[in-house]
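Participant: Coordinates in entry-v6.txt, compact mmCIF, C-alpha atoms (C1' of nucleotides), are listed below.
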# COMPACT_ATOMS: atom_id res chain seq x y z
CA MET A 1 -13.81 -15.15 1.90
CA ARG A 2 -10.45 -13.83 0.79
CA ILE A 3 -9.54 -10.20 1.50
CA ALA A 4 -6.52 -8.85 -0.33
CA SER A 5 -4.45 -5.69 -0.68
CA PHE A 6 -2.22 -4.63 -3.55
CA ASN A 7 -0.20 -1.44 -3.92
CA ILE A 8 -0.28 -1.37 -7.69
CA ASN A 9 1.81 1.77 -8.36
CA GLY A 10 -0.37 3.21 -11.12
CA VAL A 11 -3.70 1.59 -12.03
CA LYS A 12 -3.42 2.38 -15.75
CA ALA A 13 0.21 1.32 -16.18
CA ARG A 14 -0.53 -1.85 -14.23
CA LEU A 15 -3.95 -2.75 -15.63
CA PRO A 16 -3.05 -6.00 -17.49
CA ARG A 17 -1.13 -7.25 -14.45
CA LEU A 18 -3.95 -6.27 -12.11
CA LEU A 19 -6.71 -7.95 -14.16
CA GLU A 20 -4.57 -11.06 -14.44
CA TRP A 21 -4.10 -11.21 -10.67
CA LEU A 22 -7.83 -10.72 -10.01
CA GLU A 23 -8.83 -13.48 -12.42
CA GLU A 24 -6.15 -15.90 -11.26
CA THR A 25 -6.60 -15.51 -7.50
CA ARG A 26 -10.18 -14.19 -7.39
CA PRO A 27 -10.16 -12.35 -4.04
CA THR A 28 -13.58 -11.57 -2.59
CA VAL A 29 -12.34 -8.08 -1.75
CA ALA A 30 -9.31 -6.34 -3.26
CA CYS A 31 -8.00 -3.07 -1.83
CA LEU A 32 -5.74 -1.04 -4.09
CA GLN A 33 -3.29 1.72 -3.23
CA GLU A 34 -1.34 4.21 -5.33
CA ILE A 35 -3.82 4.15 -8.20
CA LYS A 36 -2.25 7.47 -9.30
CA SER A 37 -5.41 8.43 -11.10
CA GLN A 38 -8.04 11.10 -10.87
CA ASP A 39 -11.58 9.90 -10.15
CA GLU A 40 -12.68 10.32 -13.78
CA GLY A 41 -9.80 8.28 -15.15
CA PHE A 42 -10.34 5.17 -13.05
CA PRO A 43 -10.89 2.14 -15.37
CA VAL A 44 -14.00 0.83 -13.60
CA GLU A 45 -15.38 -0.75 -16.79
CA GLU A 46 -12.39 -3.08 -17.01
CA PHE A 47 -13.15 -4.42 -13.55
CA GLU A 48 -16.88 -4.75 -14.21
CA LYS A 49 -16.11 -6.85 -17.30
CA ILE A 50 -14.59 -9.52 -15.05
CA GLY A 51 -17.27 -9.31 -12.37
CA TYR A 52 -15.88 -6.79 -9.87
CA LYS A 53 -17.72 -3.73 -8.61
CA ALA A 54 -15.64 -0.88 -7.23
CA ILE A 55 -15.50 2.36 -5.31
CA TRP A 56 -12.45 4.61 -5.49
CA TYR A 57 -10.97 7.81 -4.12
CA GLY A 58 -8.52 9.27 -6.59
CA GLN A 59 -6.15 12.20 -6.87
CA LYS A 60 -4.08 13.67 -9.68
CA SER A 61 -0.62 12.09 -10.10
CA PHE A 62 -0.17 10.53 -6.67
CA ASN A 63 -1.79 8.42 -3.98
CA GLY A 64 -5.36 7.17 -4.52
CA VAL A 65 -7.13 4.10 -3.12
CA ALA A 66 -9.89 1.77 -4.28
CA ILE A 67 -11.99 -1.12 -2.98
CA LEU A 68 -13.11 -3.85 -5.40
CA ALA A 69 -15.57 -6.60 -4.50
CA ASP A 70 -16.51 -9.76 -6.38
CA GLY A 71 -20.10 -9.45 -7.56
CA VAL A 72 -21.27 -6.90 -5.00
CA GLU A 73 -21.02 -3.14 -4.68
CA PRO A 74 -18.96 -2.06 -1.66
CA VAL A 75 -21.13 0.17 0.56
CA GLU A 76 -19.05 3.26 1.23
CA VAL A 77 -18.81 4.35 4.86
CA GLN A 78 -15.95 6.87 4.97
CA ARG A 79 -13.94 8.73 2.34
CA GLY A 80 -10.70 10.23 3.62
CA LEU A 81 -9.21 9.77 7.08
CA PRO A 82 -11.07 11.90 9.65
CA GLY A 83 -9.26 14.31 11.95
CA ASP A 84 -7.75 16.94 9.66
CA PRO A 85 -10.00 18.98 7.34
CA ASP A 86 -6.92 20.40 5.58
CA ASP A 87 -5.65 16.96 4.52
CA GLU A 88 -6.39 16.65 0.79
CA GLN A 89 -4.40 13.47 0.08
CA SER A 90 -6.42 10.44 -1.04
CA ARG A 91 -5.20 7.75 1.31
CA TYR A 92 -8.22 6.29 3.11
CA LEU A 93 -11.43 4.61 1.98
CA GLU A 94 -13.78 2.54 4.11
CA ALA A 95 -16.71 0.35 3.08
CA ASP A 96 -18.84 -2.62 4.11
CA VAL A 97 -18.69 -5.83 2.05
CA ASN A 98 -20.63 -8.94 3.05
CA GLY A 99 -20.93 -7.79 6.66
CA VAL A 100 -17.24 -6.98 7.03
CA ARG A 101 -15.93 -3.45 7.49
CA ILE A 102 -13.04 -2.87 5.08
CA ALA A 103 -10.64 0.05 5.66
CA CYS A 104 -8.20 0.50 2.77
CA ILE A 105 -5.21 2.64 3.68
CA TYR A 106 -2.17 4.15 2.00
CA LEU A 107 -0.14 5.44 4.90
CA PRO A 108 2.33 8.26 4.14
CA ASN A 109 5.89 7.17 3.42
CA GLY A 110 7.48 9.86 5.61
CA ASN A 111 10.83 10.23 3.85
CA PRO A 112 12.98 12.14 4.17
CA GLN A 113 13.14 12.11 7.92
CA PRO A 114 13.26 14.20 9.97
CA GLY A 115 11.10 16.79 8.25
CA PRO A 116 7.55 17.83 7.40
CA LYS A 117 6.79 14.61 5.52
CA PHE A 118 7.76 12.54 8.55
CA ASP A 119 5.67 14.80 10.79
CA TYR A 120 2.72 14.26 8.44
CA LYS A 121 3.23 10.50 8.63
CA LEU A 122 3.18 10.45 12.44
CA ALA A 123 0.16 12.76 12.59
CA TRP A 124 -1.62 10.51 10.08
CA MET A 125 -0.84 7.46 12.21
CA ALA A 126 -2.32 9.17 15.27
CA ARG A 127 -5.49 9.92 13.31
CA LEU A 128 -5.58 6.33 12.05
CA ARG A 129 -5.38 5.02 15.60
CA ALA A 130 -8.31 7.25 16.57
CA ARG A 131 -10.39 5.94 13.67
CA MET A 132 -9.47 2.34 14.48
CA THR A 133 -10.54 2.91 18.09
CA GLU A 134 -13.94 4.02 16.77
CA LEU A 135 -14.20 0.82 14.71
CA TRP A 136 -13.13 -1.21 17.75
CA THR A 137 -15.86 0.22 19.97
CA GLN A 138 -18.50 -0.67 17.36
CA GLU A 139 -17.57 -4.36 17.84
CA ILE A 140 -18.05 -5.20 14.17
CA PRO A 141 -15.89 -7.58 12.10
CA ALA A 142 -13.33 -5.17 10.71
CA ILE A 143 -10.06 -5.27 8.80
CA VAL A 144 -7.68 -2.38 8.23
CA LEU A 145 -5.36 -3.23 5.36
CA GLY A 146 -3.04 -1.72 2.85
CA ASP A 147 0.37 -0.13 2.50
CA PHE A 148 1.29 0.95 6.05
CA ASN A 149 4.81 2.05 5.07
CA VAL A 150 6.09 0.67 8.38
CA ILE A 151 8.61 -2.15 8.85
CA PRO A 152 7.36 -3.40 12.23
CA GLU A 153 10.50 -5.19 13.44
CA ASP A 154 14.04 -6.03 12.32
CA LYS A 155 12.87 -9.52 11.30
CA ASP A 156 10.69 -7.83 8.66
CA VAL A 157 13.56 -6.42 6.58
CA TRP A 158 16.41 -8.01 4.62
CA SER A 159 18.93 -5.62 6.23
CA PRO A 160 18.04 -3.46 9.24
CA LYS A 161 21.39 -1.74 8.84
CA ALA A 162 20.78 -0.73 5.21
CA MET A 163 17.38 0.72 6.13
CA ALA A 164 18.33 2.22 9.49
CA SER A 165 17.80 5.85 8.55
CA ASP A 166 14.60 5.25 6.58
CA ALA A 167 11.26 6.61 7.80
CA LEU A 168 9.78 3.11 7.43
CA MET A 169 11.64 1.80 10.45
CA GLN A 170 12.21 4.78 12.73
CA PRO A 171 11.32 4.11 16.39
CA GLU A 172 8.45 6.62 16.16
CA SER A 173 6.94 4.78 13.16
CA ARG A 174 7.34 1.42 14.86
CA ASP A 175 5.92 2.67 18.15
CA ALA A 176 2.82 4.00 16.41
CA TYR A 177 2.32 0.65 14.66
CA ALA A 178 2.96 -1.28 17.90
CA GLN A 179 0.27 0.81 19.58
CA LEU A 180 -2.30 -0.57 17.13
CA LEU A 181 -1.28 -4.12 18.04
CA GLY A 182 -1.34 -3.13 21.71
CA ASP A 183 -4.91 -1.97 21.23
CA GLY A 184 -5.72 -5.57 20.28
CA TRP A 185 -5.58 -5.63 16.46
CA THR A 186 -4.11 -8.83 14.97
CA ASP A 187 -1.36 -8.58 12.34
CA ALA A 188 -2.42 -11.53 10.16
CA ILE A 189 0.88 -12.18 8.37
CA ASP A 190 2.98 -11.81 11.52
CA THR A 191 0.69 -14.06 13.56
CA LEU A 192 1.07 -16.93 11.08
CA ASN A 193 4.77 -16.19 10.31
CA PRO A 194 6.17 -15.26 13.74
CA ARG A 195 9.80 -15.75 12.76
CA GLY A 196 9.63 -13.08 10.08
CA GLY A 197 11.44 -13.17 6.76
CA VAL A 198 8.26 -12.41 4.80
CA TRP A 199 8.57 -9.55 2.30
CA THR A 200 5.86 -7.62 0.47
CA TYR A 201 8.03 -5.00 -1.27
CA TRP A 202 11.20 -5.12 -3.36
CA ASP A 203 12.72 -1.91 -4.73
CA TYR A 204 13.02 -1.49 -8.50
CA GLN A 205 16.63 -0.42 -8.02
CA ALA A 206 19.92 -2.18 -7.46
CA GLY A 207 18.58 -5.63 -8.33
CA ALA A 208 16.58 -5.81 -5.10
CA TRP A 209 14.16 -8.42 -6.48
CA GLN A 210 16.90 -10.67 -7.86
CA ARG A 211 18.79 -10.46 -4.55
CA ASP A 212 15.62 -10.84 -2.48
CA HIS A 213 16.34 -7.54 -0.75
CA GLY A 214 12.81 -6.85 0.43
CA PHE A 215 10.79 -5.92 3.45
CA ARG A 216 7.28 -6.18 4.88
CA ILE A 217 5.22 -2.99 4.83
CA ASP A 218 1.82 -4.16 3.53
CA HIS A 219 -0.25 -5.32 6.47
CA LEU A 220 -3.63 -6.82 7.37
CA LEU A 221 -4.94 -5.85 10.82
CA LEU A 222 -7.95 -7.82 12.06
CA SER A 223 -10.46 -7.00 14.77
CA PRO A 224 -11.11 -9.78 17.31
CA GLU A 225 -14.33 -10.73 15.50
CA LEU A 226 -12.31 -11.42 12.34
CA ALA A 227 -9.13 -12.74 13.96
CA ASP A 228 -11.20 -15.61 15.36
CA ARG A 229 -12.16 -16.50 11.77
CA MET A 230 -8.65 -16.34 10.26
CA LYS A 231 -7.73 -19.48 8.29
CA ALA A 232 -4.67 -18.56 6.23
CA THR A 233 -2.64 -15.65 4.94
CA GLY A 234 -0.12 -15.15 2.18
CA VAL A 235 1.87 -13.01 -0.21
CA ASP A 236 1.35 -13.52 -3.97
CA LYS A 237 5.08 -13.14 -4.42
CA ASP A 238 5.44 -14.37 -7.99
CA TYR A 239 3.54 -11.35 -9.36
CA ARG A 240 6.50 -9.20 -8.32
CA GLY A 241 8.68 -11.07 -10.80
CA ARG A 242 6.44 -10.65 -13.85
CA GLU A 243 6.72 -8.11 -16.67
CA LYS A 244 5.78 -4.52 -15.77
CA ALA A 245 5.27 -5.50 -12.14
CA SER A 246 4.47 -3.21 -9.25
CA ASP A 247 7.23 -2.92 -6.67
CA HIS A 248 4.78 -4.40 -4.13
CA ALA A 249 3.32 -7.91 -4.13
CA PRO A 250 -0.34 -8.58 -3.20
CA VAL A 251 -1.09 -9.74 0.36
CA TRP A 252 -4.21 -11.58 1.49
CA VAL A 253 -6.01 -13.25 4.38
CA GLU A 254 -8.59 -16.03 4.14
CA ILE A 255 -11.38 -15.98 6.72
CA THR A 256 -14.28 -18.34 7.27
CA GLY A 257 -17.69 -17.30 6.02
C1' DA B 1 29.57 4.99 -3.00
C1' DT B 2 23.26 8.44 -0.85
C1' DG B 3 23.59 5.84 -6.73
C1' DG B 4 20.48 2.27 -8.80
C1' DC B 5 14.21 2.23 -11.51
C1' DT B 6 9.42 3.51 -12.49
C1' DG B 7 4.96 6.26 -13.32
C1' DG B 8 2.78 10.62 -13.97
C1' DG B 9 2.77 15.26 -15.45
C1' DT B 10 4.62 20.47 -15.83
C1' DC B 11 6.49 16.08 -20.48
C1' DT B 12 13.49 14.72 -23.32
C1' DC B 13 13.16 16.99 -17.32
C1' DC B 14 11.19 17.05 -12.57
C1' DC B 15 8.91 15.03 -8.59
C1' DA B 16 7.73 11.25 -5.60
C1' DG B 17 8.18 6.77 -4.16
C1' DA B 18 10.48 3.40 -0.15
Re-express the file's structure as structure tokens.
Facilitator:
Amino acid sequence: MRIASFNINGVKARLPRLLEWLEETRPTVACLQEIKSQDEGFPVEEFEKIGYKAIWYGQKSFNGVAILADGVEPVEVQRGLPGDPDDEQSRYLEADVNGVRIACIYLPNGNPQPGPKFDYKLAWMARLRARMTELWTQEIPAIVLGDFNVIPEDKDVWSPKAMASDALMQPESRDAYAQLLGDGWTDAIDTLNPRGGVWTYWDYQAGAWQRDHGFRIDHLLLSPELADRMKATGVDKDYRGREKASDHAPVWVEITG
DNA sequence: ATGGCTGGGTCTCCCAGA
């Protein structure tokens, strides 16, 4: 099965591009971030027409996540990241599909830093680690995937110098991400591309796509039960170059079974 | 040089993104 993630930057503005990607690459599971849609505006019928069932957790204007599955309804397990009852941002959705636990995340950007948005990012990452520890102890095949908004290492960015002050690559952000790997989660793309140089995001501005000024912030973290089944991983890079593209490209991992 | 695009909503400007 193929499990994919795509920060689409607006599900309505991106719908033709999204449907095209689903039909052309046919992922078994597709996690979406930044749907930028309220629950009642989510175009579920368009996905059902091409054979995908979906659950989604929307919000007005910003954020919003969804899980699509080919031919089966995702069984929702958790809506919203536990640990802060005052957190109203739609950034976390968890479901079971074909015996695999899928956690779709849109981790806070954190800019500008320092400041309250960066504090929120770090607090969110601490809550994420707690949730992932819960998944770990259940010993189920699990994958936590989505837009982590963290550049893990210097090899994951076109210019560490240009991005030095960005929240995406502050030591605190990197340490929090490294803790997840230290806990035993497998970064699929990094494991199969250890020398780096793989990008998943290119800014709309300053000709970043044309100059290949990108970085890697969309990640796939596998539990040991799934890491043992990993066959291949990739970035559907060419979708970034099409008309009305998202600023992210889809990422995916292929596992046996 | 702190700009440069893009989507959504309060809608010809502002906010947020990364």
Participant: Need the shell around DT2 (chain B): protein/DNA/RNA residues with any atom at most 12 Å away, counting all atoms listed in the file. Skip same-chain ones fewer than 2 positions apart. Format as a VMD selection string?
Facilitator: (chain A and resid 162 to 163 165 to 166) or (chain B and resid 4)
Participant: Based on only C-alpha atoms (C1' of nucleotides), which of the residues in chain A come within 8 Å of chain B? I want them as a PyMOL selection string.
Facilitator: chain A and resi 9-10+13+36+61-62+109+111+149+168+203-206
Participant: For region 2-18 of chain A, what centre and edge lengths in Å (one decimal) does the axis-aligned box get once 6 Å is added on each side of all its listed atoms, as AutoDock Vina command-line options?
Facilitator:
--center_x -4.3 --center_y -5.3 --center_z -8.0 --size_x 24.3 --size_y 29.0 --size_z 31.0
Participant: A:Glu243, A:Asp238, A:Glu23, A:Glu225: which is nearest Asp70 (chain A), counting only C-alpha atoms?
Facilitator: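 Under the stated criterion, the closest residue is A:Glu23.
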Participant: Kindly indicate which residue among A:Lys12, A:Arg91, A:Arg131, A:Arg17 lies nearest to Arg240 (chain A), using only C-alpha atoms for the distances.
Facilitator: A:Arg17
Participant: Using CA of Ile35 (chain A) and CA of Val65 (chain A) as the two end points, give the distance in Å to one decimal.
Facilitator: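 If I compute the distance from CA of Ile35 (chain A) to CA of Val65 (chain A), I get 6.1 Å.
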Participant: List the residues sitting within 7 Å of (12.9, 10.1, 5.5) in the file's frame, using only C-alpha atoms (C1' of nucleotides), as a PyMOL selection string.
Facilitator: chain A and resi 110-114+118+166-167
Participant: Please list as a compact mmCIF listing (two decimals) with C-alpha atoms, in the frame of the given file every residue within 6 Å of region 172-187 of chain A, counting all atoms listed in the file and excluding residues in the same chain fewer than 4 positions away.
Facilitator:
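That gives us part-v4.txt:
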# COMPACT_ATOMS: atom_id res chain seq x y z
CA PRO A 152 7.36 -3.40 12.23
CA THR A 191 0.69 -14.06 13.56
CA LEU A 220 -3.63 -6.82 7.37
CA LEU A 221 -4.94 -5.85 10.82
CA LEU A 222 -7.95 -7.82 12.06
CA SER A 223 -10.46 -7.00 14.77
Participant: When you look at Val72 (chain A) with a cut-off of 8 Å (counting all atoms listed in the file), what residues show up, excluding the ones that are within fewer than 5 positions of it in the same chain? I need them as number ranges by chain.
Facilitator: A: 52-53, 97
Participant: Can you tell me how far CA of Ala54 (chain A) sits from CA of Pro27 (chain A), in Å to one decimal?
Facilitator: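 Value for the CA of Ala54 (chain A)-CA of Pro27 (chain A) distance: 13.1 Å.
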Participant: Using Å and a single decimal, report how far CA of Ala126 (chain A) sits from CA of Leu226 (chain A).
Facilitator: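 Distance between the two atoms: 23.1 Å.
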Participant: For Gly99 (chain A), which residue out of A:Trp136, A:Gly115, A:Pro141, A:Lys237 is the nearest one, using all atoms listed in the file?
Facilitator: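 So, comparing all the options, the nearest one is A:Pro141.
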Participant: Can you find the residues with an atom no farther than 12 Å from (12.6, -13.8, -5.6), counting all atoms listed in the file, and report them as a count of residues only?
Facilitator: 22
